[in-house]
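Peer 1: Encoded as structure tokens, here's the structure I'll be asking about.
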Amino acid sequence: FQVNPLPYLELRRPFILNINKGKWLPTLTHHFLGLLDEHQLLTRCFTQNIDSLETAAGLRKSMVVAAHGNFDTASCIDCGAPAQEDLVRQSLCEGAEPQQPTCSACGGKVKPGIVFFGEALPERFFALAPEIRECRLLIIAGTSLTVHPFASLPTLASPQSLRVLANRELVGQELGLRYVDDVGKNNDVGDIAFLGDTDAFAKAVALEVFGLEDL
């Protein structure tokens with residue numbers, strides 16, 4: 001990126017264009033998070049996604065920890081000065097070709113607030129991760145639990161916490177997740193797995209807990 005940022009910007013251009021055009025919209029799962037927040041049942045949402053669809057669905061920004069960053073922020077790679085919030089979006093969306101945004105302070109290259117491979121995760125991730133130790137219910141949704149350090153978050157939950165996986169396949173056994181069918185003779189409570197689409201999980205919980213047929 002420092003040598004030639006245009007290939008990355010060209011790669012990300014369709015992603016930003018489709019968000020701006022409304023092609024990619026928040027799912028039922030995103031709206032479900034907003035529902036939990038509305039009823040003061042959500043402590044925090046940790047996400048690996050960089051599309052900011054959580055806040056697009058109405059979830060407060062303060063509730064979201066974007067572990068791998070997003071396009072909501074940008075900064076100069078030379079002087080570190082924060083850039084105008086929509087500068088990168090505008091540079092990618094205006095004109096036939098993406099343009100490299102530059103810093104108004106020093107003229108250096110402006111990088112979106114995305115965590116590139118090999119970069120450290122945001123300090124906010126590590127500052128707020130300990131909140132998981134206090135949660136009574138940890139929902140693990142739509143993840144392979146293979147990318148660290150994000151994948152280690154479920155291990156922070158206390159033994160008294162209930163961990164629920166909403167996923168198309170079982171994951172996390174190597175991290176210590178032990179699902180109900182696996183604990184058997186030990187008489188342990190175990191972790192609960194809802195195998196299927198996360199939207200189906202969101203609809204089922206919204207109906208059972210809040211009596212809502214539509215999200």
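Chains: A, B, ... in order of the structure tokens. Residues: from 1 per chain. Ligands: from 1, in order shown.
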What parts of segment 109-195 of chain A does DSSP call strand (DSSP E)? I'd like the answer as a PyMOL selection string.
Peer 2: chain A and resi 110-114+137-141+162-167+192-195
Peer 1: Take the residues from that selection and put them in a file with N, CA, C and O atoms, as a PDB file, in the first residue's frame.
Peer 2:
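Output (out_39.pdb):
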ATOM      1  N   VAL A 110      -3.420   8.610   2.291  1.00  0.00           N
ATOM      2  CA  VAL A 110      -4.428   8.326   3.306  1.00  0.00           C
ATOM      3  C   VAL A 110      -4.887   6.883   3.163  1.00  0.00           C
ATOM      4  O   VAL A 110      -5.235   6.440   2.069  1.00  0.00           O
ATOM      5  N   LYS A 111      -4.872   6.158   4.260  1.00  0.00           N
ATOM      6  CA  LYS A 111      -5.256   4.739   4.297  1.00  0.00           C
ATOM      7  C   LYS A 111      -6.574   4.589   5.050  1.00  0.00           C
ATOM      8  O   LYS A 111      -6.752   5.183   6.110  1.00  0.00           O
ATOM      9  N   PRO A 112      -7.506   3.813   4.518  1.00  0.00           N
ATOM     10  CA  PRO A 112      -8.742   3.553   5.275  1.00  0.00           C
ATOM     11  C   PRO A 112      -8.442   2.819   6.564  1.00  0.00           C
ATOM     12  O   PRO A 112      -7.395   2.168   6.700  1.00  0.00           O
ATOM     13  N   GLY A 113      -9.359   2.897   7.512  1.00  0.00           N
ATOM     14  CA  GLY A 113      -9.144   2.290   8.823  1.00  0.00           C
ATOM     15  C   GLY A 113      -9.318   0.796   8.832  1.00  0.00           C
ATOM     16  O   GLY A 113      -9.966   0.232   9.729  1.00  0.00           O
ATOM     17  N   ILE A 114      -8.760   0.120   7.843  1.00  0.00           N
ATOM     18  CA  ILE A 114      -8.811  -1.336   7.727  1.00  0.00           C
ATOM     19  C   ILE A 114      -7.512  -1.918   8.270  1.00  0.00           C
ATOM     20  O   ILE A 114      -6.427  -1.393   8.012  1.00  0.00           O
ATOM     21  N   LEU A 137     -24.336 -14.425  28.710  1.00  0.00           N
ATOM     22  CA  LEU A 137     -24.607 -15.151  27.468  1.00  0.00           C
ATOM     23  C   LEU A 137     -23.687 -14.611  26.385  1.00  0.00           C
ATOM     24  O   LEU A 137     -23.642 -13.407  26.138  1.00  0.00           O
ATOM     25  N   LEU A 138     -22.951 -15.502  25.744  1.00  0.00           N
ATOM     26  CA  LEU A 138     -22.066 -15.125  24.643  1.00  0.00           C
ATOM     27  C   LEU A 138     -22.581 -15.797  23.370  1.00  0.00           C
ATOM     28  O   LEU A 138     -22.601 -17.020  23.274  1.00  0.00           O
ATOM     29  N   ILE A 139     -23.001 -14.987  22.405  1.00  0.00           N
ATOM     30  CA  ILE A 139     -23.467 -15.503  21.126  1.00  0.00           C
ATOM     31  C   ILE A 139     -22.311 -15.443  20.138  1.00  0.00           C
ATOM     32  O   ILE A 139     -21.720 -14.381  19.907  1.00  0.00           O
ATOM     33  N   ILE A 140     -21.988 -16.582  19.565  1.00  0.00           N
ATOM     34  CA  ILE A 140     -20.909 -16.697  18.581  1.00  0.00           C
ATOM     35  C   ILE A 140     -21.578 -16.992  17.245  1.00  0.00           C
ATOM     36  O   ILE A 140     -22.106 -18.083  17.042  1.00  0.00           O
ATOM     37  N   ALA A 141     -21.569 -16.031  16.339  1.00  0.00           N
ATOM     38  CA  ALA A 141     -22.394 -16.166  15.131  1.00  0.00           C
ATOM     39  C   ALA A 141     -21.594 -15.971  13.854  1.00  0.00           C
ATOM     40  O   ALA A 141     -20.807 -15.021  13.739  1.00  0.00           O
ATOM     41  N   LEU A 162     -23.031 -18.810  29.482  1.00  0.00           N
ATOM     42  CA  LEU A 162     -23.593 -19.721  28.486  1.00  0.00           C
ATOM     43  C   LEU A 162     -23.093 -19.279  27.118  1.00  0.00           C
ATOM     44  O   LEU A 162     -23.285 -18.128  26.725  1.00  0.00           O
ATOM     45  N   ARG A 163     -22.449 -20.176  26.399  1.00  0.00           N
ATOM     46  CA  ARG A 163     -21.955 -19.869  25.055  1.00  0.00           C
ATOM     47  C   ARG A 163     -22.848 -20.566  24.040  1.00  0.00           C
ATOM     48  O   ARG A 163     -23.059 -21.774  24.104  1.00  0.00           O
ATOM     49  N   VAL A 164     -23.360 -19.771  23.095  1.00  0.00           N
ATOM     50  CA  VAL A 164     -24.261 -20.291  22.074  1.00  0.00           C
ATOM     51  C   VAL A 164     -23.667 -20.013  20.700  1.00  0.00           C
ATOM     52  O   VAL A 164     -23.375 -18.863  20.361  1.00  0.00           O
ATOM     53  N   LEU A 165     -23.494 -21.058  19.926  1.00  0.00           N
ATOM     54  CA  LEU A 165     -22.982 -20.928  18.566  1.00  0.00           C
ATOM     55  C   LEU A 165     -24.143 -20.926  17.583  1.00  0.00           C
ATOM     56  O   LEU A 165     -24.974 -21.837  17.597  1.00  0.00           O
ATOM     57  N   ALA A 166     -24.227 -19.902  16.740  1.00  0.00           N
ATOM     58  CA  ALA A 166     -25.181 -19.856  15.633  1.00  0.00           C
ATOM     59  C   ALA A 166     -24.356 -19.878  14.356  1.00  0.00           C
ATOM     60  O   ALA A 166     -23.801 -18.861  13.948  1.00  0.00           O
ATOM     61  N   ASN A 167     -24.288 -21.030  13.711  1.00  0.00           N
ATOM     62  CA  ASN A 167     -23.343 -21.205  12.611  1.00  0.00           C
ATOM     63  C   ASN A 167     -23.810 -22.358  11.731  1.00  0.00           C
ATOM     64  O   ASN A 167     -24.620 -23.193  12.153  1.00  0.00           O
ATOM     65  N   ILE A 192     -23.993 -24.625  23.584  1.00  0.00           N
ATOM     66  CA  ILE A 192     -25.159 -24.909  22.746  1.00  0.00           C
ATOM     67  C   ILE A 192     -24.871 -24.509  21.311  1.00  0.00           C
ATOM     68  O   ILE A 192     -24.305 -23.450  21.048  1.00  0.00           O
ATOM     69  N   ALA A 193     -25.271 -25.349  20.365  1.00  0.00           N
ATOM     70  CA  ALA A 193     -25.068 -25.063  18.949  1.00  0.00           C
ATOM     71  C   ALA A 193     -26.408 -24.995  18.235  1.00  0.00           C
ATOM     72  O   ALA A 193     -27.239 -25.886  18.362  1.00  0.00           O
ATOM     73  N   PHE A 194     -26.608 -23.921  17.503  1.00  0.00           N
ATOM     74  CA  PHE A 194     -27.740 -23.775  16.582  1.00  0.00           C
ATOM     75  C   PHE A 194     -27.149 -23.856  15.190  1.00  0.00           C
ATOM     76  O   PHE A 194     -26.541 -22.901  14.708  1.00  0.00           O
ATOM     77  N   LEU A 195     -27.288 -25.001  14.553  1.00  0.00           N
ATOM     78  CA  LEU A 195     -26.689 -25.190  13.238  1.00  0.00           C
ATOM     79  C   LEU A 195     -27.652 -24.722  12.155  1.00  0.00           C
ATOM     80  O   LEU A 195     -28.766 -25.224  12.032  1.00  0.00           O
TER      81      LEU A 195
END
Peer 1: Among segment 87-211 of chain A, which residues carry a DSSP assignment of helix (DSSP H, G or I), reported as a ChimeraX atom specification?
Peer 2: /A:87-93,123-134,150-156,173-175,180-186,198-210
Peer 1: What would the file look like if the residues just selected were written as a short mmCIF file (atom, residue, chain, number, x, y, z; two decimals), in the first residue's frame with C-alpha atoms?
Peer 2:
data_model
loop_
_atom_site.label_atom_id
_atom_site.label_comp_id
_atom_site.auth_asym_id
_atom_site.auth_seq_id
_atom_site.Cartn_x
_atom_site.Cartn_y
_atom_site.Cartn_z
CA LEU A 87 -12.62 10.96 2.04
CA VAL A 88 -11.76 7.37 1.07
CA ARG A 89 -15.34 6.59 0.03
CA GLN A 90 -15.47 9.68 -2.16
CA SER A 91 -12.09 8.92 -3.72
CA LEU A 92 -13.22 5.41 -4.63
CA CYS A 93 -16.69 6.29 -5.87
CA GLU A 123 -6.33 -0.88 20.93
CA ARG A 124 -10.09 -0.73 21.53
CA PHE A 125 -10.33 -4.44 20.79
CA PHE A 126 -7.92 -5.36 23.57
CA ALA A 127 -9.36 -2.77 25.96
CA LEU A 128 -12.93 -4.07 25.67
CA ALA A 129 -12.31 -7.81 25.20
CA PRO A 130 -12.22 -8.40 29.01
CA GLU A 131 -15.93 -7.46 29.10
CA ILE A 132 -16.60 -10.98 27.87
CA ARG A 133 -15.55 -12.33 31.26
CA GLU A 134 -18.62 -10.66 32.78
CA PHE A 150 -10.29 -12.65 17.35
CA ALA A 151 -10.94 -16.40 17.49
CA SER A 152 -9.80 -16.53 21.11
CA LEU A 153 -12.64 -14.31 22.36
CA PRO A 154 -14.91 -17.23 23.38
CA THR A 155 -12.18 -18.51 25.68
CA LEU A 156 -12.52 -15.36 27.80
CA GLN A 173 -13.69 -27.43 19.59
CA GLU A 174 -9.93 -26.91 19.54
CA LEU A 175 -10.50 -23.74 21.58
CA VAL A 180 -24.07 -30.53 24.56
CA ASP A 181 -23.94 -33.69 22.44
CA ASP A 182 -20.22 -34.02 23.18
CA VAL A 183 -20.28 -33.75 26.97
CA GLY A 184 -22.61 -36.69 27.53
CA LYS A 185 -21.65 -38.66 30.61
CA ASN A 186 -19.89 -35.77 32.33
CA THR A 198 -27.68 -16.85 11.52
CA ASP A 199 -30.82 -15.08 10.28
CA ALA A 200 -32.86 -18.17 11.19
CA PHE A 201 -31.34 -18.05 14.67
CA ALA A 202 -32.14 -14.34 14.99
CA LYS A 203 -35.76 -14.89 13.92
CA ALA A 204 -36.21 -17.80 16.34
CA VAL A 205 -34.86 -15.85 19.33
CA ALA A 206 -36.80 -12.69 18.43
CA LEU A 207 -40.00 -14.73 18.34
CA GLU A 208 -39.32 -16.67 21.52
CA VAL A 209 -38.00 -13.78 23.65
CA PHE A 210 -39.73 -10.72 22.26
#
Peer 1: Excluding same-chain residues fewer than 3 positions from segment 23-29 of chain A, what lies within 7 Å of it counting only C-alpha atoms, as a list in words?
Peer 2: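 Listing them by chain and then by number gives Asn18, Ile19, Phe32, Leu33, Leu53, Glu54, Ala56, Ala57, Thr198, Asp199, Ala202 and Leu215 of chain A.
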Peer 1: Only N, CA and C atoms, please: the residues just picked out, written as a JSON list (two decimals), in the first residue's frame.
Peer 2:
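Contents of again.json, freshly written:
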[["chain", "number", "residue", "atom", "x", "y", "z"],
["A", 18, "ASN", "N", -21.03, -0.87, -3.99],
["A", 18, "ASN", "CA", -22.22, -1.66, -3.72],
["A", 18, "ASN", "C", -22.87, -1.27, -2.40],
["A", 19, "ILE", "N", -22.08, -0.87, -1.40],
["A", 19, "ILE", "CA", -22.65, -0.40, -0.15],
["A", 19, "ILE", "C", -23.35, 0.93, -0.37],
["A", 32, "PHE", "N", -31.29, -7.81, 14.54],
["A", 32, "PHE", "CA", -31.43, -8.49, 15.82],
["A", 32, "PHE", "C", -30.49, -7.90, 16.86],
["A", 33, "LEU", "N", -29.28, -7.56, 16.45],
["A", 33, "LEU", "CA", -28.33, -6.92, 17.36],
["A", 33, "LEU", "C", -28.88, -5.58, 17.84],
["A", 53, "LEU", "N", -22.25, -2.70, 8.55],
["A", 53, "LEU", "CA", -23.69, -2.93, 8.43],
["A", 53, "LEU", "C", -24.37, -3.01, 9.80],
["A", 54, "GLU", "N", -23.60, -3.22, 10.85],
["A", 54, "GLU", "CA", -24.18, -3.22, 12.20],
["A", 54, "GLU", "C", -24.77, -1.84, 12.52],
["A", 56, "ALA", "N", -25.40, 0.47, 10.29],
["A", 56, "ALA", "CA", -26.42, 0.77, 9.28],
["A", 56, "ALA", "C", -27.78, 0.23, 9.70],
["A", 57, "ALA", "N", -27.77, -0.83, 10.51],
["A", 57, "ALA", "CA", -29.02, -1.41, 11.01],
["A", 57, "ALA", "C", -29.54, -0.69, 12.24],
["A", 198, "THR", "N", -27.59, -17.75, 10.36],
["A", 198, "THR", "CA", -27.68, -16.85, 11.52],
["A", 198, "THR", "C", -28.99, -16.07, 11.52],
["A", 199, "ASP", "N", -29.54, -15.78, 10.34],
["A", 199, "ASP", "CA", -30.82, -15.08, 10.28],
["A", 199, "ASP", "C", -31.94, -15.95, 10.86],
["A", 202, "ALA", "N", -31.64, -15.64, 14.55],
["A", 202, "ALA", "CA", -32.14, -14.34, 14.99],
["A", 202, "ALA", "C", -33.66, -14.32, 15.01],
["A", 215, "LEU", "N", -38.44, -9.00, 12.02],
["A", 215, "LEU", "CA", -37.36, -8.15, 12.51],
["A", 215, "LEU", "C", -37.21, -6.94, 11.60]]
Peer 1: Could you state the separation of atom CA of Ala157 of chain A and atom CA of Thr43 of chain A in Å, given to one decimal place?
Peer 2: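 For atom CA of Ala157 of chain A relative to atom CA of Thr43 of chain A, the distance reads 13.2 Å.
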Peer 1: Near Cys45 of chain A, within 7 Å and counting only C-alpha atoms, which residues show up once chain neighbours fewer than 2 positions away are dropped, as a list of chain:residue names?
Peer 2: A:Thr47, A:Met63, A:Val64, A:Val65
Peer 1: Just checking: using only C-alpha atoms, which residue out of A:Glu213, A:Asp191, A:Asp78, A:Glu169 ends up closest to Ser104 of chain A?
Peer 2: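 The closest residue to Ser104 of chain A is A:Asp78.
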